[in-house]
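Here's data.cif, which has mmCIF, N, CA and C atoms:
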data_structure
loop_
_atom_site.label_atom_id
_atom_site.label_comp_id
_atom_site.auth_asym_id
_atom_site.auth_seq_id
_atom_site.Cartn_x
_atom_site.Cartn_y
_atom_site.Cartn_z
N MET A 1 46.42 -7.08 -9.80
CA MET A 1 45.00 -7.23 -10.02
C MET A 1 44.24 -6.37 -9.01
N THR A 2 43.32 -5.59 -9.49
CA THR A 2 42.53 -4.72 -8.63
C THR A 2 41.22 -5.41 -8.28
N HIS A 3 40.88 -5.36 -7.01
CA HIS A 3 39.63 -5.96 -6.55
C HIS A 3 38.63 -4.86 -6.24
N SER A 4 37.45 -5.06 -6.70
CA SER A 4 36.38 -4.12 -6.39
C SER A 4 35.57 -4.69 -5.24
N HIS A 5 35.23 -3.85 -4.30
CA HIS A 5 34.43 -4.29 -3.16
C HIS A 5 33.01 -3.75 -3.27
N SER A 6 32.47 -3.78 -4.46
CA SER A 6 31.10 -3.30 -4.63
C SER A 6 30.12 -4.33 -4.10
N ASN A 7 28.94 -3.88 -3.84
CA ASN A 7 27.87 -4.73 -3.35
C ASN A 7 27.42 -5.65 -4.49
N LEU A 8 27.68 -6.94 -4.36
CA LEU A 8 27.33 -7.89 -5.41
C LEU A 8 25.82 -8.04 -5.60
N LEU A 9 25.07 -7.72 -4.59
CA LEU A 9 23.61 -7.81 -4.68
C LEU A 9 23.01 -6.56 -5.30
N GLY A 10 23.84 -5.55 -5.48
CA GLY A 10 23.33 -4.30 -6.04
C GLY A 10 22.65 -3.46 -4.99
N GLU A 11 22.33 -2.25 -5.38
CA GLU A 11 21.63 -1.34 -4.49
C GLU A 11 20.14 -1.67 -4.52
N PRO A 12 19.44 -1.41 -3.41
CA PRO A 12 18.00 -1.63 -3.44
C PRO A 12 17.37 -0.65 -4.42
N PRO A 13 16.22 -1.00 -4.97
CA PRO A 13 15.56 -0.05 -5.87
C PRO A 13 15.17 1.22 -5.10
N ALA A 14 15.10 2.31 -5.81
CA ALA A 14 14.69 3.57 -5.19
C ALA A 14 13.27 3.42 -4.65
N THR A 15 13.03 4.04 -3.51
CA THR A 15 11.69 4.00 -2.93
C THR A 15 10.93 5.24 -3.39
N LEU A 16 9.78 4.98 -3.98
CA LEU A 16 8.92 6.04 -4.49
C LEU A 16 7.60 5.98 -3.72
N LEU A 17 7.39 6.96 -2.86
CA LEU A 17 6.16 6.99 -2.07
C LEU A 17 4.96 7.28 -2.96
N PRO A 18 3.80 6.77 -2.56
CA PRO A 18 2.57 7.14 -3.27
C PRO A 18 2.25 8.61 -2.99
N GLY A 19 1.30 9.15 -3.69
CA GLY A 19 0.91 10.55 -3.49
C GLY A 19 0.60 10.85 -2.04
N ASP A 20 0.91 12.06 -1.63
CA ASP A 20 0.64 12.54 -0.28
C ASP A 20 -0.69 13.28 -0.32
N PRO A 21 -1.72 12.78 0.38
CA PRO A 21 -3.04 13.41 0.29
C PRO A 21 -3.04 14.87 0.72
N GLY A 22 -2.19 15.23 1.65
CA GLY A 22 -2.13 16.62 2.07
C GLY A 22 -1.47 17.50 1.02
N ALA A 23 -0.35 17.04 0.49
CA ALA A 23 0.39 17.83 -0.49
C ALA A 23 -0.33 17.86 -1.83
N ASP A 24 -0.93 16.74 -2.21
CA ASP A 24 -1.56 16.65 -3.52
C ASP A 24 -2.81 17.51 -3.65
N GLY A 25 -3.44 17.78 -2.53
CA GLY A 25 -4.69 18.52 -2.60
C GLY A 25 -4.64 19.83 -1.85
N ALA A 26 -4.83 19.75 -0.57
CA ALA A 26 -5.05 20.94 0.25
C ALA A 26 -3.86 21.89 0.27
N LEU A 27 -2.64 21.39 0.46
CA LEU A 27 -1.48 22.28 0.51
C LEU A 27 -1.30 22.99 -0.82
N ALA A 28 -1.44 22.24 -1.90
CA ALA A 28 -1.30 22.83 -3.23
C ALA A 28 -2.34 23.92 -3.47
N ALA A 29 -3.50 23.78 -2.82
CA ALA A 29 -4.58 24.76 -2.96
C ALA A 29 -4.40 25.96 -2.02
N GLY A 30 -3.37 25.91 -1.16
CA GLY A 30 -3.10 27.03 -0.26
C GLY A 30 -3.72 26.92 1.11
N THR A 31 -4.23 25.76 1.47
CA THR A 31 -4.82 25.57 2.80
C THR A 31 -3.72 25.65 3.86
N ASP A 32 -4.05 26.23 5.01
CA ASP A 32 -3.12 26.35 6.12
C ASP A 32 -2.56 24.96 6.46
N PRO A 33 -1.21 24.83 6.55
CA PRO A 33 -0.61 23.53 6.85
C PRO A 33 -1.10 22.89 8.15
N ALA A 34 -1.48 23.71 9.15
CA ALA A 34 -2.00 23.15 10.41
C ALA A 34 -3.33 22.45 10.16
N GLU A 35 -4.16 23.03 9.31
CA GLU A 35 -5.43 22.39 8.95
C GLU A 35 -5.18 21.10 8.17
N VAL A 36 -4.19 21.14 7.29
CA VAL A 36 -3.87 19.96 6.49
C VAL A 36 -3.34 18.84 7.39
N ALA A 37 -2.45 19.18 8.33
CA ALA A 37 -1.91 18.17 9.24
C ALA A 37 -3.02 17.57 10.10
N ALA A 38 -3.98 18.39 10.51
CA ALA A 38 -5.10 17.88 11.32
C ALA A 38 -5.98 16.94 10.49
N ALA A 39 -6.19 17.28 9.23
CA ALA A 39 -7.04 16.46 8.36
C ALA A 39 -6.29 15.25 7.79
N HIS A 40 -4.98 15.38 7.63
CA HIS A 40 -4.14 14.32 7.04
C HIS A 40 -2.89 14.15 7.90
N PRO A 41 -3.02 13.57 9.10
CA PRO A 41 -1.88 13.51 10.02
C PRO A 41 -0.70 12.68 9.51
N THR A 42 -0.88 11.89 8.47
CA THR A 42 0.24 11.13 7.91
C THR A 42 0.97 11.91 6.82
N SER A 43 0.57 13.13 6.54
CA SER A 43 1.17 13.93 5.47
C SER A 43 2.49 14.55 5.92
N SER A 44 3.60 13.97 5.48
CA SER A 44 4.91 14.56 5.80
C SER A 44 5.04 15.95 5.22
N ALA A 45 4.41 16.19 4.08
CA ALA A 45 4.49 17.52 3.46
C ALA A 45 3.86 18.58 4.36
N ALA A 46 2.75 18.26 5.01
CA ALA A 46 2.11 19.22 5.91
C ALA A 46 3.01 19.50 7.11
N TRP A 47 3.60 18.45 7.68
CA TRP A 47 4.50 18.64 8.82
C TRP A 47 5.74 19.40 8.40
N ALA A 48 6.24 19.14 7.19
CA ALA A 48 7.40 19.87 6.69
C ALA A 48 7.09 21.36 6.57
N ALA A 49 5.92 21.69 6.04
CA ALA A 49 5.53 23.10 5.89
C ALA A 49 5.45 23.77 7.26
N LEU A 50 4.89 23.07 8.24
CA LEU A 50 4.81 23.62 9.60
C LEU A 50 6.21 23.81 10.18
N ALA A 51 7.09 22.83 9.99
CA ALA A 51 8.45 22.90 10.52
C ALA A 51 9.23 24.04 9.89
N GLU A 52 9.12 24.18 8.57
CA GLU A 52 9.84 25.25 7.87
C GLU A 52 9.37 26.63 8.31
N THR A 53 8.06 26.79 8.49
CA THR A 53 7.51 28.07 8.94
C THR A 53 7.99 28.39 10.35
N ALA A 54 7.97 27.39 11.23
CA ALA A 54 8.44 27.60 12.60
C ALA A 54 9.93 27.96 12.61
N LEU A 55 10.72 27.26 11.79
CA LEU A 55 12.15 27.54 11.73
C LEU A 55 12.40 28.96 11.23
N GLN A 56 11.70 29.36 10.20
CA GLN A 56 11.85 30.72 9.66
C GLN A 56 11.45 31.76 10.69
N GLY A 57 10.51 31.41 11.57
CA GLY A 57 10.06 32.33 12.61
C GLY A 57 10.89 32.28 13.88
N GLY A 58 11.98 31.51 13.86
CA GLY A 58 12.85 31.43 15.03
C GLY A 58 12.32 30.55 16.14
N ARG A 59 11.30 29.75 15.86
CA ARG A 59 10.70 28.87 16.86
C ARG A 59 11.32 27.47 16.74
N THR A 60 12.56 27.37 17.22
CA THR A 60 13.39 26.18 17.02
C THR A 60 12.76 24.91 17.58
N ILE A 61 12.28 24.95 18.80
CA ILE A 61 11.72 23.74 19.42
C ILE A 61 10.43 23.33 18.73
N GLU A 62 9.63 24.30 18.34
CA GLU A 62 8.42 24.00 17.58
C GLU A 62 8.78 23.37 16.23
N ALA A 63 9.80 23.91 15.57
CA ALA A 63 10.26 23.35 14.30
C ALA A 63 10.73 21.92 14.50
N TYR A 64 11.47 21.69 15.59
CA TYR A 64 11.96 20.35 15.90
C TYR A 64 10.79 19.37 16.06
N ALA A 65 9.78 19.77 16.80
CA ALA A 65 8.63 18.89 17.04
C ALA A 65 7.88 18.58 15.75
N TYR A 66 7.63 19.59 14.94
CA TYR A 66 6.94 19.37 13.66
C TYR A 66 7.76 18.47 12.74
N ALA A 67 9.07 18.77 12.64
CA ALA A 67 9.93 17.99 11.75
C ALA A 67 10.05 16.55 12.24
N ARG A 68 10.13 16.36 13.54
CA ARG A 68 10.23 15.00 14.11
C ARG A 68 8.97 14.21 13.78
N THR A 69 7.80 14.85 13.89
CA THR A 69 6.55 14.18 13.57
C THR A 69 6.52 13.77 12.10
N GLY A 70 6.85 14.71 11.20
CA GLY A 70 6.84 14.40 9.77
C GLY A 70 7.87 13.36 9.40
N TYR A 71 9.00 13.38 10.06
CA TYR A 71 10.06 12.40 9.84
C TYR A 71 9.53 10.99 10.18
N HIS A 72 8.90 10.85 11.33
CA HIS A 72 8.39 9.53 11.72
C HIS A 72 7.24 9.08 10.82
N ARG A 73 6.37 10.01 10.44
CA ARG A 73 5.29 9.66 9.51
C ARG A 73 5.89 9.21 8.18
N GLY A 74 6.95 9.88 7.74
CA GLY A 74 7.62 9.52 6.50
C GLY A 74 8.30 8.17 6.59
N LEU A 75 8.96 7.89 7.72
CA LEU A 75 9.59 6.58 7.90
C LEU A 75 8.54 5.48 7.81
N ASP A 76 7.39 5.70 8.45
CA ASP A 76 6.31 4.71 8.39
C ASP A 76 5.89 4.46 6.94
N ALA A 77 5.72 5.54 6.18
CA ALA A 77 5.30 5.42 4.78
C ALA A 77 6.37 4.71 3.95
N LEU A 78 7.63 5.07 4.17
CA LEU A 78 8.72 4.42 3.42
C LEU A 78 8.75 2.92 3.70
N ARG A 79 8.64 2.55 4.95
CA ARG A 79 8.66 1.12 5.30
C ARG A 79 7.48 0.38 4.69
N ARG A 80 6.32 1.01 4.69
CA ARG A 80 5.14 0.37 4.07
C ARG A 80 5.34 0.18 2.56
N ASN A 81 6.26 0.96 1.99
CA ASN A 81 6.51 0.89 0.56
C ASN A 81 7.83 0.20 0.22
N GLY A 82 8.33 -0.63 1.14
CA GLY A 82 9.46 -1.49 0.85
C GLY A 82 10.84 -1.01 1.25
N TRP A 83 10.95 0.19 1.80
CA TRP A 83 12.26 0.70 2.21
C TRP A 83 12.74 -0.06 3.43
N LYS A 84 13.99 -0.46 3.44
CA LYS A 84 14.55 -1.27 4.54
C LYS A 84 15.49 -0.47 5.45
N GLY A 85 15.41 0.85 5.39
CA GLY A 85 16.26 1.67 6.24
C GLY A 85 17.47 2.22 5.53
N PHE A 86 17.61 1.92 4.26
CA PHE A 86 18.71 2.45 3.46
C PHE A 86 18.30 2.42 1.99
N GLY A 87 19.04 3.18 1.21
CA GLY A 87 18.76 3.22 -0.22
C GLY A 87 18.13 4.53 -0.64
N ALA A 88 18.08 4.69 -1.94
CA ALA A 88 17.63 5.96 -2.52
C ALA A 88 16.15 6.24 -2.25
N VAL A 89 15.90 7.50 -1.91
CA VAL A 89 14.56 8.07 -1.77
C VAL A 89 14.64 9.38 -2.57
N PRO A 90 14.49 9.29 -3.89
CA PRO A 90 14.80 10.42 -4.76
C PRO A 90 13.96 11.68 -4.52
N TRP A 91 14.66 12.81 -4.45
CA TRP A 91 14.00 14.11 -4.34
C TRP A 91 13.15 14.36 -5.57
N SER A 92 13.57 13.87 -6.72
CA SER A 92 12.87 14.13 -7.98
C SER A 92 11.45 13.57 -7.99
N HIS A 93 11.17 12.63 -7.10
CA HIS A 93 9.82 12.06 -6.98
C HIS A 93 9.06 12.90 -5.95
N THR A 94 8.16 13.74 -6.40
CA THR A 94 7.50 14.73 -5.55
C THR A 94 6.94 14.17 -4.23
N PRO A 95 6.27 13.01 -4.21
CA PRO A 95 5.75 12.52 -2.92
C PRO A 95 6.84 12.23 -1.87
N ASN A 96 8.09 12.08 -2.29
CA ASN A 96 9.19 11.87 -1.33
C ASN A 96 9.63 13.17 -0.66
N GLN A 97 9.29 14.30 -1.24
CA GLN A 97 9.84 15.57 -0.79
C GLN A 97 9.42 15.97 0.62
N GLY A 98 8.21 15.64 1.04
CA GLY A 98 7.78 15.99 2.40
C GLY A 98 8.69 15.35 3.44
N PHE A 99 8.96 14.05 3.28
CA PHE A 99 9.85 13.34 4.20
C PHE A 99 11.24 13.97 4.18
N LEU A 100 11.79 14.19 2.99
CA LEU A 100 13.15 14.72 2.87
C LEU A 100 13.24 16.14 3.45
N ARG A 101 12.20 16.93 3.28
CA ARG A 101 12.18 18.27 3.88
C ARG A 101 12.17 18.17 5.40
N CYS A 102 11.42 17.23 5.95
CA CYS A 102 11.40 17.04 7.40
C CYS A 102 12.78 16.63 7.92
N VAL A 103 13.45 15.72 7.22
CA VAL A 103 14.79 15.30 7.64
C VAL A 103 15.74 16.49 7.61
N THR A 104 15.64 17.33 6.59
CA THR A 104 16.50 18.49 6.46
C THR A 104 16.31 19.46 7.62
N VAL A 105 15.06 19.79 7.93
CA VAL A 105 14.79 20.70 9.05
C VAL A 105 15.22 20.06 10.37
N LEU A 106 14.93 18.79 10.53
CA LEU A 106 15.29 18.11 11.77
C LEU A 106 16.80 18.12 11.98
N ALA A 107 17.57 17.91 10.92
CA ALA A 107 19.03 17.96 11.04
C ALA A 107 19.48 19.37 11.44
N LYS A 108 18.90 20.39 10.82
CA LYS A 108 19.28 21.78 11.14
C LYS A 108 18.99 22.10 12.60
N VAL A 109 17.79 21.78 13.06
CA VAL A 109 17.44 22.16 14.43
C VAL A 109 18.14 21.27 15.45
N ALA A 110 18.43 20.02 15.10
CA ALA A 110 19.20 19.17 16.02
C ALA A 110 20.56 19.83 16.27
N GLY A 111 21.18 20.33 15.19
CA GLY A 111 22.45 21.03 15.34
C GLY A 111 22.31 22.30 16.16
N ALA A 112 21.21 23.01 15.94
CA ALA A 112 20.99 24.28 16.64
C ALA A 112 20.82 24.09 18.14
N ILE A 113 20.30 22.94 18.56
CA ILE A 113 20.11 22.71 20.00
C ILE A 113 21.23 21.85 20.59
N GLY A 114 22.29 21.63 19.80
CA GLY A 114 23.46 20.92 20.32
C GLY A 114 23.37 19.41 20.27
N GLU A 115 22.43 18.89 19.53
CA GLU A 115 22.28 17.44 19.40
C GLU A 115 23.10 16.99 18.18
N VAL A 116 24.43 17.08 18.34
CA VAL A 116 25.36 16.90 17.23
C VAL A 116 25.29 15.49 16.64
N ALA A 117 25.23 14.47 17.47
CA ALA A 117 25.17 13.10 16.95
C ALA A 117 23.92 12.90 16.10
N GLU A 118 22.81 13.46 16.53
CA GLU A 118 21.56 13.36 15.77
C GLU A 118 21.67 14.13 14.45
N GLU A 119 22.27 15.30 14.49
CA GLU A 119 22.49 16.08 13.28
C GLU A 119 23.32 15.28 12.27
N GLU A 120 24.39 14.66 12.75
CA GLU A 120 25.26 13.87 11.87
C GLU A 120 24.53 12.66 11.31
N ARG A 121 23.75 11.97 12.13
CA ARG A 121 23.00 10.80 11.69
C ARG A 121 21.99 11.18 10.61
N LEU A 122 21.29 12.28 10.82
CA LEU A 122 20.28 12.73 9.85
C LEU A 122 20.93 13.21 8.56
N THR A 123 22.08 13.86 8.67
CA THR A 123 22.80 14.31 7.48
C THR A 123 23.24 13.09 6.67
N GLU A 124 23.71 12.06 7.34
CA GLU A 124 24.11 10.83 6.64
C GLU A 124 22.90 10.16 6.01
N LEU A 125 21.76 10.17 6.71
CA LEU A 125 20.53 9.62 6.14
C LEU A 125 20.16 10.35 4.85
N LEU A 126 20.26 11.67 4.88
CA LEU A 126 19.95 12.45 3.67
C LEU A 126 20.89 12.08 2.52
N ARG A 127 22.17 11.91 2.82
CA ARG A 127 23.13 11.52 1.78
C ARG A 127 22.83 10.14 1.23
N ASP A 128 22.36 9.24 2.08
CA ASP A 128 22.01 7.89 1.64
C ASP A 128 20.75 7.93 0.77
N CYS A 129 19.78 8.74 1.19
CA CYS A 129 18.52 8.82 0.47
C CYS A 129 18.68 9.55 -0.87
N VAL A 130 19.48 10.59 -0.87
CA VAL A 130 19.66 11.43 -2.08
C VAL A 130 21.18 11.50 -2.34
N PRO A 131 21.74 10.47 -2.99
CA PRO A 131 23.19 10.40 -3.18
C PRO A 131 23.81 11.63 -3.82
N SER A 132 23.07 12.38 -4.62
CA SER A 132 23.63 13.58 -5.25
C SER A 132 24.01 14.63 -4.20
N LEU A 133 23.48 14.53 -2.99
CA LEU A 133 23.83 15.49 -1.93
C LEU A 133 25.27 15.30 -1.46
N ALA A 134 25.83 14.11 -1.66
CA ALA A 134 27.19 13.84 -1.22
C ALA A 134 28.20 14.67 -2.00
N ALA A 135 27.84 15.10 -3.19
CA ALA A 135 28.78 15.84 -4.05
C ALA A 135 28.98 17.23 -3.61
#
What is this file in structure tokens?
Amino acid sequence: MTHSHSNLLGEPPATLLPGDPGADGALAAGTDPAEVAAAHPTSSAAWAALAETALQGGRTIEAYAYARTGYHRGLDALRRNGWKGFGAVPWSHTPNQGFLRCVTVLAKVAGAIGEVAEEERLTELLRDCVPSLAA
């Protein structure tokens, strides 16, 4: 007889963030991400755009700071919307993408500065949030 050790309570429902005021308006219109972050400091999408630009420009520590800020703003938003620290945060839901982009940049730059345990933790978080990444 084979026993399955699946979670009898099931997986938590996917967390779908509400619209991001920075991404939904100003960023989409082409406004400078620094202006968007100043006007909408809770916008993970604005912080992600800043982090990605800094990373592309070789400004690793600046990218780390921007990504860390967007990551924490995203965690706050996820918790306000029922996330308990685990479970799906689907990439396919556009408002989730700012947070996921911040986690991605943060993992990259953590590795680049030798913060291996942090890189591994963030990579595992991404796999938990977006299970298709595990493949």
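Distances to Val89 of chain A were evaluated for A:Trp47, A:Asp32, A:Gly22, A:Cys129 using all atoms listed in the file, and the minimum falls at A:Cys129.
What the PyMOL selection byres ((chain A and resi 48) around 6) picks from this file is Ser44, Ala45, Ala46, Trp47, Ala49, Leu50, Ala51, Glu52, Thr53, Tyr66, Ala67, Gly70, Gly98, Arg101 and Cys102 of chain A.
The interatomic distance for the pair atom CA of Gln97 of chain A and atom C of Ile113 of chain A works out to 25.0 Å.
In this comparison, which uses only C-alpha atoms, the residue of A:Ser43, A:Ala112, A:Pro13, A:Arg59 approaching Gly25 of chain A most closely is A:Ser43.
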Checklist line | Expected selection from the PyMOL selection byres ((chain A and resi 64) around 7), given as an NGL selection string | finding: :A and (51 or 55 or 59-63 or 65-69 or 105-106 or 109-110)
Notebook entry, point to check: atom C of Asp76 of chain A and atom CA of Pro41 of chain A are how many Å apart?
Noted result: 12.3 Å
Notebook entry, point to check: Which value, in Å to one decimal, gives the distance between atom CA of Glu115 of chain A and atom CA of Leu133 of chain A?
Noted result: 21.5 Å
Next item on the list: Can you give me, as a count of residues only, the residues this file yields under the PyMOL selection byres ((chain A and resi 15-20) around 7)?
Entry: 24
If you count only C-alpha atoms, which residues fall within 10 Å of Leu125 of chain A, apart from same-chain ones fewer than 6 positions away, as a PDB file with N, CA and C atoms, in the frame of the given file?
ATOM      1  N   GLY A  85      15.410   0.850   5.390  1.00  0.00           N
ATOM      2  CA  GLY A  85      16.260   1.670   6.240  1.00  0.00           C
ATOM      3  C   GLY A  85      17.470   2.220   5.530  1.00  0.00           C
ATOM      4  N   PHE A  86      17.610   1.920   4.260  1.00  0.00           N
ATOM      5  CA  PHE A  86      18.710   2.450   3.460  1.00  0.00           C
ATOM      6  C   PHE A  86      18.300   2.420   1.990  1.00  0.00           C
ATOM      7  N   GLY A  87      19.040   3.180   1.210  1.00  0.00           N
ATOM      8  CA  GLY A  87      18.760   3.220  -0.220  1.00  0.00           C
ATOM      9  C   GLY A  87      18.130   4.530  -0.640  1.00  0.00           C
ATOM     10  N   ALA A  88      18.080   4.690  -1.940  1.00  0.00           N
ATOM     11  CA  ALA A  88      17.630   5.960  -2.520  1.00  0.00           C
ATOM     12  C   ALA A  88      16.150   6.240  -2.250  1.00  0.00           C
ATOM     13  N   LEU A 100      11.790  14.190   2.990  1.00  0.00           N
ATOM     14  CA  LEU A 100      13.150  14.720   2.870  1.00  0.00           C
ATOM     15  C   LEU A 100      13.240  16.140   3.450  1.00  0.00           C
ATOM     16  N   VAL A 103      13.450  15.720   7.220  1.00  0.00           N
ATOM     17  CA  VAL A 103      14.790  15.300   7.640  1.00  0.00           C
ATOM     18  C   VAL A 103      15.740  16.490   7.610  1.00  0.00           C
ATOM     19  N   THR A 104      15.640  17.330   6.590  1.00  0.00           N
ATOM     20  CA  THR A 104      16.500  18.490   6.460  1.00  0.00           C
ATOM     21  C   THR A 104      16.310  19.460   7.620  1.00  0.00           C
ATOM     22  N   ALA A 107      17.570  17.910  10.920  1.00  0.00           N
ATOM     23  CA  ALA A 107      19.030  17.960  11.040  1.00  0.00           C
ATOM     24  C   ALA A 107      19.480  19.370  11.440  1.00  0.00           C
ATOM     25  N   GLU A 119      22.270  15.300  14.490  1.00  0.00           N
ATOM     26  CA  GLU A 119      22.490  16.080  13.280  1.00  0.00           C
ATOM     27  C   GLU A 119      23.320  15.280  12.270  1.00  0.00           C
ATOM     28  N   PRO A 131      21.740  10.470  -2.990  1.00  0.00           N
ATOM     29  CA  PRO A 131      23.190  10.400  -3.180  1.00  0.00           C
ATOM     30  C   PRO A 131      23.810  11.630  -3.820  1.00  0.00           C
TER      31      PRO A 131
END
